[in-house]
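Everything below belongs to start00.tsv, which stores TSV, C-alpha atoms.
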```tsv
chain	number	residue	atom	x	y	z
A	272	MET	CA	-20.50	9.98	-23.69
A	273	PRO	CA	-16.75	10.03	-24.33
A	274	GLN	CA	-14.63	10.79	-21.29
A	275	LYS	CA	-13.26	14.31	-21.09
A	276	LYS	CA	-9.55	14.66	-21.72
A	277	ILE	CA	-7.47	16.71	-19.36
A	278	SER	CA	-3.82	17.69	-19.33
A	279	ILE	CA	-1.41	17.06	-16.48
A	280	ARG	CA	2.34	17.09	-16.09
A	281	ILE	CA	4.22	14.03	-14.87
A	282	ASP	CA	7.87	14.70	-14.10
A	283	GLY	CA	7.64	17.86	-16.22
A	284	GLU	CA	6.25	16.11	-19.28
A	285	LEU	CA	2.85	17.24	-20.51
A	286	ILE	CA	0.49	14.30	-20.94
A	287	SER	CA	-3.11	13.94	-21.89
A	288	ALA	CA	-5.25	11.73	-19.67
A	289	LEU	CA	-8.89	10.88	-19.14
A	290	GLU	CA	-10.89	12.59	-16.43
A	291	GLY	CA	-11.56	10.18	-13.57
A	292	GLN	CA	-8.25	8.39	-13.94
A	293	THR	CA	-5.93	8.17	-10.97
A	294	ILE	CA	-2.38	9.52	-11.11
A	295	LEU	CA	-1.17	5.92	-11.33
A	296	GLN	CA	-3.48	5.06	-14.24
A	297	ALA	CA	-2.49	8.21	-16.13
A	298	ALA	CA	1.19	7.53	-15.48
A	299	LYS	CA	0.93	3.91	-16.65
A	300	ALA	CA	-0.98	4.93	-19.79
A	301	SER	CA	1.85	7.26	-20.74
A	302	GLY	CA	4.58	4.74	-19.96
A	303	LYS	CA	5.73	6.30	-16.67
A	304	TYR	CA	6.77	4.02	-13.83
A	305	ILE	CA	5.56	4.52	-10.27
A	306	PRO	CA	6.47	1.72	-7.83
A	307	THR	CA	3.44	-0.07	-6.30
A	308	LEU	CA	2.87	-2.93	-3.90
A	309	CYS	CA	-0.76	-3.21	-2.71
A	310	ASP	CA	-2.11	-2.18	-6.11
A	311	LEU	CA	-3.06	-4.92	-8.55
A	312	ASP	CA	-4.26	-4.11	-12.06
A	313	GLY	CA	-7.89	-5.20	-12.26
A	314	LEU	CA	-8.80	-4.60	-8.61
A	315	THR	CA	-9.92	-1.37	-6.95
A	316	SER	CA	-7.11	0.63	-5.38
A	317	VAL	CA	-7.02	1.29	-1.65
A	318	GLY	CA	-3.71	3.04	-0.95
A	319	ALA	CA	-2.72	0.60	1.81
A	320	CYS	CA	1.04	0.33	1.35
A	321	ARG	CA	2.12	3.96	0.62
A	322	ILE	CA	4.85	2.85	-1.79
A	323	CYS	CA	3.28	4.78	-4.70
A	324	LEU	CA	3.44	8.15	-2.90
A	325	VAL	CA	4.07	11.06	-5.27
A	326	GLU	CA	4.57	14.80	-4.90
A	327	VAL	CA	1.95	17.17	-6.28
A	328	SER	CA	2.95	20.79	-6.90
A	329	GLY	CA	1.32	23.23	-4.54
A	330	SER	CA	0.91	20.75	-1.70
A	331	GLU	CA	3.30	19.87	1.09
A	332	ARG	CA	1.78	16.45	1.73
A	333	LEU	CA	2.44	13.38	-0.37
A	334	PHE	CA	-0.34	11.60	-2.25
A	335	PRO	CA	-0.80	7.89	-3.03
A	336	ALA	CA	-0.81	7.74	-6.83
A	337	CYS	CA	-3.15	4.73	-6.88
A	338	THR	CA	-6.09	6.50	-5.20
A	339	THR	CA	-5.59	10.17	-6.11
A	340	PRO	CA	-7.68	11.30	-9.09
A	341	ILE	CA	-6.00	13.59	-11.59
A	342	GLN	CA	-7.09	17.20	-11.98
A	343	GLU	CA	-6.59	19.65	-14.84
A	344	GLY	CA	-3.21	21.35	-14.61
A	345	MET	CA	-1.88	19.00	-11.91
A	346	SER	CA	1.90	18.65	-11.85
A	347	VAL	CA	3.18	15.37	-10.40
A	348	THR	CA	6.70	14.36	-9.41
A	349	THR	CA	7.19	10.57	-9.28
A	350	ASN	CA	10.80	10.44	-8.16
A	351	SER	CA	12.81	12.55	-5.73
A	352	PRO	CA	15.10	11.99	-2.75
A	353	LYS	CA	12.17	12.83	-0.48
A	354	LEU	CA	9.92	10.22	-2.15
A	355	THR	CA	12.63	7.58	-2.04
A	356	ARG	CA	13.06	8.25	1.67
A	357	TYR	CA	9.33	7.93	2.39
A	358	ARG	CA	8.98	4.83	0.20
A	359	ARG	CA	11.85	3.20	2.06
A	360	ILE	CA	10.31	4.08	5.43
A	361	SER	CA	6.97	2.59	4.34
A	362	LEU	CA	8.65	-0.62	3.24
A	363	GLU	CA	10.88	-0.85	6.31
A	364	LEU	CA	7.81	-0.54	8.52
A	365	LEU	CA	6.31	-3.52	6.69
A	366	LEU	CA	9.53	-5.50	7.15
A	367	ILE	CA	9.80	-4.92	10.91
A	368	GLU	CA	6.11	-5.34	11.76
A	369	ARG	CA	5.87	-9.10	11.19
A	370	ASN	CA	8.25	-12.02	10.67
A	371	HIS	CA	9.41	-11.90	7.07
A	372	VAL	CA	12.01	-14.65	7.01
A	373	CYS	CA	12.76	-14.86	3.28
A	374	ALA	CA	15.18	-17.76	3.72
A	375	VAL	CA	12.40	-20.17	4.73
A	376	CYS	CA	9.55	-18.73	2.65
A	377	VAL	CA	7.74	-20.48	-0.19
A	378	SER	CA	7.73	-17.19	-2.08
A	379	ASN	CA	11.46	-16.47	-1.74
A	380	GLY	CA	12.64	-15.16	-5.09
A	381	HIS	CA	9.09	-14.52	-6.34
A	382	CYS	CA	7.93	-12.09	-3.64
A	383	GLU	CA	6.84	-8.55	-4.42
A	384	LEU	CA	7.79	-7.31	-0.93
A	385	GLN	CA	11.28	-8.77	-1.30
A	386	SER	CA	11.82	-7.43	-4.82
A	387	MET	CA	10.50	-3.99	-3.82
A	388	ALA	CA	13.05	-3.92	-0.98
A	389	THR	CA	15.79	-4.69	-3.49
A	390	SER	CA	14.63	-2.09	-6.00
A	391	LEU	CA	14.40	0.57	-3.27
A	392	GLY	CA	17.98	-0.31	-2.27
A	393	ILE	CA	17.03	-1.47	1.22
A	394	THR	CA	19.84	-3.50	2.80
A	395	THR	CA	18.79	-3.05	6.42
A	396	VAL	CA	16.08	-1.36	8.48
A	397	GLY	CA	16.34	1.62	10.82
A	398	LEU	CA	14.06	0.36	13.59
A	399	ALA	CA	14.02	-2.63	15.92
A	400	TYR	CA	12.21	-5.74	14.68
A	401	ASN	CA	8.88	-6.42	16.33
A	402	PHE	CA	9.03	-10.27	16.29
A	403	PRO	CA	5.32	-10.78	17.06
A	404	LYS	CA	3.84	-14.18	17.77
A	405	LEU	CA	1.44	-14.90	14.92
A	406	SER	CA	-0.63	-17.87	13.89
A	407	ILE	CA	-0.71	-19.95	10.73
A	408	ASP	CA	-4.05	-21.25	9.45
A	409	MET	CA	-3.55	-24.69	7.86
A	410	SER	CA	-7.21	-25.73	8.08
A	411	HIS	CA	-7.97	-25.36	4.39
A	412	PRO	CA	-7.31	-28.60	2.45
A	413	ARG	CA	-5.40	-26.87	-0.37
A	414	PHE	CA	-4.17	-23.53	0.92
A	415	VAL	CA	-2.40	-21.98	3.89
A	416	LEU	CA	-2.57	-18.53	5.49
A	417	ASP	CA	0.60	-17.44	7.30
A	418	HIS	CA	0.03	-14.17	9.18
A	419	ASN	CA	3.80	-13.81	9.68
A	420	ARG	CA	4.14	-12.94	6.00
A	421	CYS	CA	1.02	-10.78	5.54
A	422	ILE	CA	1.47	-7.07	4.80
A	423	LEU	CA	-2.25	-6.24	4.92
A	424	CYS	CA	-2.34	-5.10	1.30
A	425	THR	CA	-5.92	-6.48	1.17
A	426	ARG	CA	-5.55	-7.83	-2.37
A	427	CYS	CA	-7.14	-11.09	-1.12
A	428	VAL	CA	-10.10	-9.19	0.33
A	429	ARG	CA	-10.58	-7.29	-2.91
A	430	VAL	CA	-10.12	-10.15	-5.37
A	431	CYS	CA	-12.51	-12.38	-3.43
A	432	ALA	CA	-15.19	-9.69	-3.25
A	433	GLU	CA	-14.76	-8.11	-6.68
A	434	LEU	CA	-13.81	-11.00	-8.93
A	435	GLU	CA	-15.01	-14.18	-7.24
A	436	GLY	CA	-17.95	-12.49	-5.52
A	437	ALA	CA	-17.57	-14.69	-2.45
A	438	HIS	CA	-16.55	-12.07	0.17
A	439	VAL	CA	-14.69	-14.63	2.28
A	440	TRP	CA	-11.89	-12.30	3.42
A	441	GLU	CA	-12.13	-9.30	5.68
A	442	LEU	CA	-9.92	-7.19	7.91
A	443	THR	CA	-10.39	-7.28	11.67
A	444	SER	CA	-8.96	-5.09	14.47
A	445	ARG	CA	-6.91	-1.96	14.00
A	446	GLY	CA	-3.32	-0.82	13.72
A	447	ILE	CA	-0.70	-3.36	14.69
A	448	HIS	CA	-3.43	-5.83	15.72
A	449	ALA	CA	-5.08	-5.81	12.28
A	450	ARG	CA	-5.47	-9.25	10.71
A	451	ILE	CA	-6.94	-10.83	7.62
A	452	VAL	CA	-9.82	-13.10	8.63
A	453	SER	CA	-12.03	-15.48	6.70
A	454	GLU	CA	-15.77	-15.04	7.23
A	455	MET	CA	-16.55	-14.03	10.83
A	456	ASN	CA	-13.09	-15.01	12.09
A	457	GLU	CA	-13.82	-18.62	11.20
A	458	SER	CA	-10.86	-20.82	10.30
A	459	TRP	CA	-10.36	-20.92	6.54
A	460	GLY	CA	-11.13	-24.62	6.27
A	461	HIS	CA	-14.52	-24.02	7.89
A	462	ALA	CA	-15.40	-20.98	5.80
A	463	SER	CA	-18.46	-22.26	3.93
A	464	THR	CA	-18.47	-19.32	1.49
A	465	CYS	CA	-14.98	-20.12	0.20
A	466	THR	CA	-15.14	-21.66	-3.26
A	467	SER	CA	-11.47	-22.77	-3.09
A	468	CYS	CA	-10.86	-20.93	-6.37
A	469	GLY	CA	-7.38	-19.79	-5.26
A	470	LYS	CA	-7.64	-16.24	-6.63
A	471	CYS	CA	-6.63	-14.79	-3.25
A	472	VAL	CA	-3.54	-16.99	-3.22
A	473	HIS	CA	-2.43	-15.81	-6.63
A	474	ALA	CA	-3.24	-12.15	-5.93
A	475	CYS	CA	-1.19	-12.20	-2.69
A	476	PRO	CA	2.16	-10.42	-3.22
A	477	THR	CA	4.03	-12.39	-0.53
A	478	GLY	CA	4.03	-15.91	0.88
A	479	ALA	CA	1.16	-15.09	3.27
A	480	LEU	CA	-1.32	-17.02	1.14
A	481	ALA	CA	0.13	-20.06	-0.57
A	482	GLU	CA	-0.77	-23.44	-1.95
A	483	LYS	CA	0.11	-26.37	0.26
A	484	GLY	CA	2.83	-28.75	-0.85
A	485	TRP	CA	5.42	-26.25	-2.05
A	486	GLY	CA	8.88	-25.86	-0.54
A	487	VAL	CA	11.07	-22.79	-0.14
A	488	GLU	CA	11.21	-20.68	-3.35
A	489	GLU	CA	8.66	-22.92	-5.10
A	490	MET	CA	5.46	-20.89	-4.91
A	491	VAL	CA	5.16	-18.79	-8.04
A	492	LYS	CA	2.11	-16.51	-8.05
A	493	ARG	CA	0.03	-15.80	-11.15
A	494	THR	CA	-1.00	-12.22	-10.46
A	495	ASP	CA	-1.10	-11.71	-14.24
A	496	ALA	CA	-3.80	-14.37	-14.46
A	497	VAL	CA	-5.94	-12.41	-12.00
A	498	THR	CA	-5.52	-9.27	-14.08
A	499	SER	CA	-6.25	-10.96	-17.42
A	500	LEU	CA	-9.33	-12.65	-15.94
A	501	VAL	CA	-10.69	-9.24	-14.93
A	502	HIS	CA	-10.08	-7.85	-18.39
A	503	ARG	CA	-11.55	-10.86	-20.17
A	504	ARG	CA	-14.72	-10.47	-18.16
A	505	GLY	CA	-14.81	-6.80	-19.08
A	506	ALA	CA	-15.24	-5.82	-15.46
A	507	GLN	CA	-15.19	-2.10	-14.75
A	508	VAL	CA	-13.10	-1.07	-11.76
B	2	MET	CA	52.20	-2.43	0.70
B	3	LYS	CA	50.82	-3.01	4.15
B	4	LYS	CA	48.19	-5.69	4.15
B	5	VAL	CA	44.71	-4.90	5.39
B	6	LYS	CA	43.72	-6.83	8.51
B	7	VAL	CA	40.45	-8.69	7.99
B	8	ALA	CA	38.57	-10.80	10.54
B	9	THR	CA	35.47	-12.94	10.18
B	10	VAL	CA	33.15	-13.87	13.03
B	11	TRP	CA	30.56	-16.60	13.38
B	12	LEU	CA	27.75	-15.84	15.83
B	13	ASP	CA	24.29	-17.43	15.68
B	14	GLY	CA	24.26	-18.57	12.05
B	15	CYS	CA	24.71	-21.75	10.04
B	16	SER	CA	28.16	-20.91	8.56
B	17	GLY	CA	26.57	-20.64	5.13
B	18	CYS	CA	27.90	-17.08	4.79
B	19	HIS	CA	31.41	-18.34	5.47
B	20	MET	CA	30.85	-21.04	2.84
B	21	SER	CA	29.78	-18.32	0.40
B	22	LEU	CA	32.88	-16.30	1.32
B	23	LEU	CA	35.06	-19.32	0.54
B	24	ASP	CA	33.17	-19.87	-2.69
B	25	MET	CA	35.07	-17.01	-4.36
B	26	ASP	CA	37.26	-19.41	-6.37
B	27	ALA	CA	40.27	-17.77	-8.04
B	28	ALA	CA	39.49	-14.37	-6.54
B	29	ILE	CA	41.00	-15.71	-3.31
B	30	ILE	CA	44.49	-15.55	-4.86
B	31	SER	CA	44.47	-11.85	-5.62
B	32	LEU	CA	42.64	-11.11	-2.38
B	33	ALA	CA	45.22	-13.04	-0.34
B	34	ARG	CA	47.93	-10.70	-1.64
B	35	LYS	CA	46.09	-7.72	-0.19
B	36	ILE	CA	44.66	-8.95	3.10
B	37	ASP	CA	45.72	-10.75	6.23
B	38	LEU	CA	42.97	-12.93	7.65
B	39	VAL	CA	43.75	-12.39	11.33
B	40	TYR	CA	40.81	-14.02	13.11
B	41	GLY	CA	37.78	-16.23	12.45
B	42	PRO	CA	36.60	-19.82	11.99
B	43	LEU	CA	38.88	-20.16	8.94
B	44	VAL	CA	42.11	-19.43	10.86
B	45	ASP	CA	43.74	-20.52	14.13
B	46	ALA	CA	43.88	-17.33	16.19
B	47	GLN	CA	42.13	-17.77	19.55
B	48	GLU	CA	41.92	-14.14	20.64
B	49	PHE	CA	40.37	-11.31	18.67
B	50	PRO	CA	43.31	-8.95	17.85
B	51	GLU	CA	43.60	-5.50	19.41
B	52	HIS	CA	43.05	-3.79	16.08
B	53	VAL	CA	41.36	-5.02	12.91
B	54	ASP	CA	40.57	-2.96	9.80
B	55	VAL	CA	37.52	-4.86	8.53
B	56	THR	CA	35.38	-7.45	10.32
B	57	LEU	CA	32.68	-9.47	8.59
B	58	VAL	CA	30.15	-10.86	11.05
B	59	GLU	CA	27.87	-13.77	10.26
B	60	GLY	CA	24.92	-14.62	12.50
B	61	ALA	CA	22.49	-12.97	14.89
B	62	VAL	CA	23.30	-11.92	18.46
B	63	SER	CA	21.60	-14.69	20.39
B	64	SER	CA	23.51	-15.38	23.63
B	65	GLN	CA	25.36	-13.51	26.38
B	66	GLU	CA	28.58	-14.70	24.78
B	67	ASP	CA	27.57	-13.33	21.35
B	68	LEU	CA	26.79	-10.00	22.98
B	69	SER	CA	30.09	-9.63	24.83
B	70	LYS	CA	31.97	-10.81	21.70
B	71	ILE	CA	30.33	-8.29	19.41
B	72	GLN	CA	30.87	-5.43	21.85
B	73	LYS	CA	34.57	-6.25	22.06
B	74	ILE	CA	34.82	-6.68	18.30
B	75	ARG	CA	33.16	-3.33	17.70
B	76	GLN	CA	35.71	-1.60	19.92
B	77	ARG	CA	38.61	-3.21	18.08
B	78	THR	CA	37.31	-2.86	14.49
B	79	ASP	CA	37.35	0.11	12.14
B	80	ILE	CA	34.72	-1.16	9.70
B	81	LEU	CA	32.11	-3.64	10.89
B	82	ILE	CA	30.03	-5.47	8.29
B	83	SER	CA	26.83	-7.46	8.92
B	84	MET	CA	27.25	-10.37	6.55
B	85	GLY	CA	24.04	-12.19	5.66
B	86	ASP	CA	20.43	-12.13	6.79
B	87	CYS	CA	20.99	-13.45	10.34
B	88	ALA	CA	23.32	-10.55	11.11
B	89	VAL	CA	21.10	-8.08	9.23
B	90	THR	CA	17.56	-9.15	10.22
B	91	GLY	CA	17.73	-11.96	12.80
B	92	ASN	CA	16.50	-14.36	10.09
B	93	VAL	CA	16.17	-18.03	11.08
B	94	PRO	CA	17.71	-17.70	14.60
B	95	GLY	CA	15.09	-15.00	15.22
B	96	MET	CA	12.28	-17.47	14.56
B	97	ARG	CA	12.60	-18.56	18.19
B	98	ASN	CA	11.84	-15.07	19.44
B	99	SER	CA	8.15	-15.60	20.11
B	100	ILE	CA	8.93	-18.61	22.37
B	101	PRO	CA	10.00	-17.89	25.97
B	102	VAL	CA	13.63	-19.01	26.49
B	103	GLN	CA	12.90	-21.52	29.30
B	104	LYS	CA	10.11	-23.13	27.30
B	105	LEU	CA	12.39	-23.31	24.26
B	106	LEU	CA	15.27	-24.95	26.18
B	107	HIS	CA	12.88	-27.41	27.82
B	108	SER	CA	11.40	-28.38	24.49
B	109	VAL	CA	14.86	-29.01	22.98
B	110	TYR	CA	16.80	-30.55	25.88
B	111	VAL	CA	13.99	-32.37	27.70
B	112	ASP	CA	11.02	-33.05	25.40
B	113	GLY	CA	13.26	-33.48	22.37
B	114	ALA	CA	15.99	-35.58	24.00
B	115	ASP	CA	16.13	-39.37	24.10
B	116	GLU	CA	18.47	-39.56	27.08
B	117	LYS	CA	20.03	-37.27	29.72
B	118	LYS	CA	16.96	-35.11	29.69
B	119	ALA	CA	18.09	-31.86	31.34
B	120	VAL	CA	18.54	-28.23	30.40
B	121	PRO	CA	22.32	-27.63	30.52
B	122	SER	CA	23.37	-25.26	33.27
B	123	GLU	CA	27.06	-24.97	32.40
B	124	TYR	CA	29.40	-24.98	29.36
B	125	VAL	CA	26.81	-23.40	27.09
B	126	PRO	CA	26.29	-19.63	27.01
B	127	ALA	CA	23.00	-18.30	28.39
B	128	LEU	CA	20.54	-17.35	25.67
B	129	LEU	CA	19.27	-13.81	25.39
B	130	LYS	CA	15.51	-13.33	25.35
B	131	HIS	CA	15.67	-12.76	21.59
B	132	ALA	CA	18.09	-13.45	18.74
B	133	ARG	CA	18.42	-10.02	17.16
B	134	PRO	CA	20.43	-8.37	14.38
B	135	LEU	CA	23.84	-6.81	15.11
B	136	ARG	CA	22.61	-3.31	14.41
B	137	GLU	CA	20.36	-3.44	17.48
B	138	PHE	CA	23.44	-3.82	19.74
B	139	VAL	CA	26.37	-2.06	18.07
B	140	LYS	CA	26.99	0.41	15.26
B	141	VAL	CA	27.22	-1.40	11.93
B	142	ASP	CA	28.99	0.28	9.04
B	143	PHE	CA	27.63	-1.79	6.19
B	144	CYS	CA	24.92	-4.41	5.72
B	145	LEU	CA	25.10	-7.17	3.17
B	146	PRO	CA	21.82	-9.13	3.17
B	147	GLY	CA	21.25	-12.53	1.59
B	148	CYS	CA	20.96	-16.10	2.78
B	149	PRO	CA	23.77	-16.36	2.03
B	150	PRO	CA	24.95	-13.21	0.25
B	151	PRO	CA	26.37	-14.24	-3.15
B	152	SER	CA	30.10	-14.81	-3.09
B	153	LYS	CA	30.60	-12.06	-5.68
B	154	ALA	CA	28.81	-9.56	-3.43
B	155	ILE	CA	31.05	-10.40	-0.44
B	156	VAL	CA	34.21	-10.14	-2.52
B	157	GLY	CA	32.87	-6.95	-4.10
B	158	VAL	CA	32.44	-5.33	-0.71
B	159	ILE	CA	35.93	-6.34	0.43
B	160	ASN	CA	37.47	-5.07	-2.82
B	161	ASP	CA	35.57	-1.77	-2.60
B	162	LEU	CA	36.95	-1.25	0.90
B	163	LEU	CA	40.47	-2.17	-0.23
B	164	ASP	CA	40.17	0.42	-2.99
B	165	GLY	CA	39.20	2.99	-0.38
B	166	LYS	CA	35.66	3.20	-1.75
B	167	LYS	CA	32.46	3.12	0.23
B	168	PRO	CA	30.63	-0.12	-0.59
B	169	ASN	CA	27.59	1.24	-2.32
B	170	GLY	CA	23.93	0.65	-2.89
B	171	ASN	CA	24.41	-0.20	-6.57
B	172	LEU	CA	24.85	-3.68	-5.26
B	173	LYS	CA	21.70	-5.62	-6.23
B	174	VAL	CA	21.43	-7.89	-3.24
B	175	LYS	CA	18.25	-9.32	-1.82
B	176	PHE	CA	17.03	-10.64	1.50
B	177	GLY	CA	16.73	-14.42	1.53
```
When written as structure tokens, how does the structure in this file appear?
Amino acid sequence: MPQKKISIRIDGELISALEGQTILQAAKASGKYIPTLCDLDGLTSVGACRICLVEVSGSERLFPACTTPIQEGMSVTTNSPKLTRYRRISLELLLIERNHVCAVCVSNGHCELQSMATSLGITTVGLAYNFPKLSIDMSHPRFVLDHNRCILCTRCVRVCAELEGAHVWELTSRGIHARIVSEMNESWGHASTCTSCGKCVHACPTGALAEKGWGVEEMVKRTDAVTSLVHRRGAQV
Amino acid sequence: MKKVKVATVWLDGCSGCHMSLLDMDAAIISLARKIDLVYGPLVDAQEFPEHVDVTLVEGAVSSQEDLSKIQKIRQRTDILISMGDCAVTGNVPGMRNSIPVQKLLHSVYVDGADEKKAVPSEYVPALLKHARPLREFVKVDFCLPGCPPPSKAIVGVINDLLDGKKPNGNLKVKFG
């Protein structure tokens, strides 16, 4: 059965979209840009980072575009001073929570967190840095997990479960104590379900997951390869 | 025309931002006609002047000395600029922040030393618990991230201020 078409407005422009699509999918299909960070084309959306927040007419609260389904007659605003302010706050909270030291990071210059900060015009943060003490898991022979650089986007969790089917990664604890863990909080090198495929590394937007052996600025992620692999397999998200 | 008084300060940083500042090539000639460099590692003055128009600060606030310096500088400066990631975020100096100060000093001056193994008790300023960005201690008027910020961005900010403009966010600078 063909999907039903419905009409919505994005930034005043009337567009036709398919029922069941999210605001983000409908916007992308009609060439509209909404900034995203945790979202990765090909994986399910979870609304973890709050960068894609949009305004919807008739509601005071903001909605994450990546997880909000469109409805007939919906009118969406993707850019406003209010949205810019909230997007900046969301990103600043990510920057202060852990130790994002771009100058010594393998992903410097290729990092989605760093480039999002630039595109949102962030030159400083409004709150005090947290400077937590966090561990680095070097136990895997080929890869490394640095919690200092993790923003809990859960792309690794999703790509491992949905594309590789290995379910190695999971989230543990809550709030500021939340961490990515492999298996039942086993060190990565001892995670017997890990196939060492590296999809989590290439889906990761920052330097949190990286290949060993690279220096500062040298780790270039292939997020596009993750996306094209999903589409080649014809997976339905 | 009265020249604008500019100072530069080097706190807990590697001097890379000062190198980037000096990397402005020919722009230094036209800039020198408009500014007086009154204090900093590039000139001889020993005391921070009573009044400075613009001060560019490199480095994080890491020691008691850094803290008293920056407080004095803030009082004597009209426009204070955090120059580079250490001054803006804490950056590399801040990587020591999860290590207790005594343990850190012991590891450097005792475990890491080949001779005269002792934590110095005089001639070096006492470390603060954390190396933190300027903004957490004093009001900062403008932040210029980068490790280091590109020379063009530093010159751009100085020129904007000389033209009486607010240095603006059109500047595409990045952390790191």
(Q) Based on all atoms listed in the file, which of the residues in chain B come within 10 Å of chain A? I want them as a ChimeraX atom specification. (A) /B:83,86-100,131-134,136-137,143-149,169-177
Q: Determine, counting all atoms listed in the file, which protein, DNA and RNA residues have an atom within 10 Å of an atom of Ala432 (chain A); residues of the same chain fewer than 5 positions away are not included. Present the result as a list in words.
A: Leu314, Arg426, Cys427, Ala437, His438, Val439, Trp440, Glu441 and Cys471 of chain A
(Q) Report, in Å with one decimal, the straight-line distance from CA of Leu295 (chain A) to CA of Val327 (chain A). (A) 12.7 Å
Q.
With only C-alpha atoms as the counted atoms, please give the residues lying no more than 8 Å from region 117-125 of chain B, apart from itself and same-chain residues fewer than 5 positions off, as a ChimeraX atom specification.
A. /B:106-107,110-112
Output C-alpha atoms of each residue in that selection to a file, as a PDB file, in the frame of the given file.
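That gives us again18.pdb:
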```pdb
ATOM      1  CA  LEU B 106      15.270 -24.950  26.180  1.00  0.00           C
ATOM      2  CA  HIS B 107      12.880 -27.410  27.820  1.00  0.00           C
ATOM      3  CA  TYR B 110      16.800 -30.550  25.880  1.00  0.00           C
ATOM      4  CA  VAL B 111      13.990 -32.370  27.700  1.00  0.00           C
ATOM      5  CA  ASP B 112      11.020 -33.050  25.400  1.00  0.00           C
TER       6      ASP B 112
END
```
(Q) Just checking: using all atoms listed in the file, which residue out of B:Lys73, B:Arg34, B:Met25, B:Lys3 ends up closest to Gly157 (chain B)? (A) B:Met25
Q | Residue nearest Ala319 (chain A) among A:Pro412, A:Pro335, A:Gly302, A:Gly486 (counting all atoms listed in the file) | A |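 The closest residue to Ala319 (chain A) is A:Pro335.
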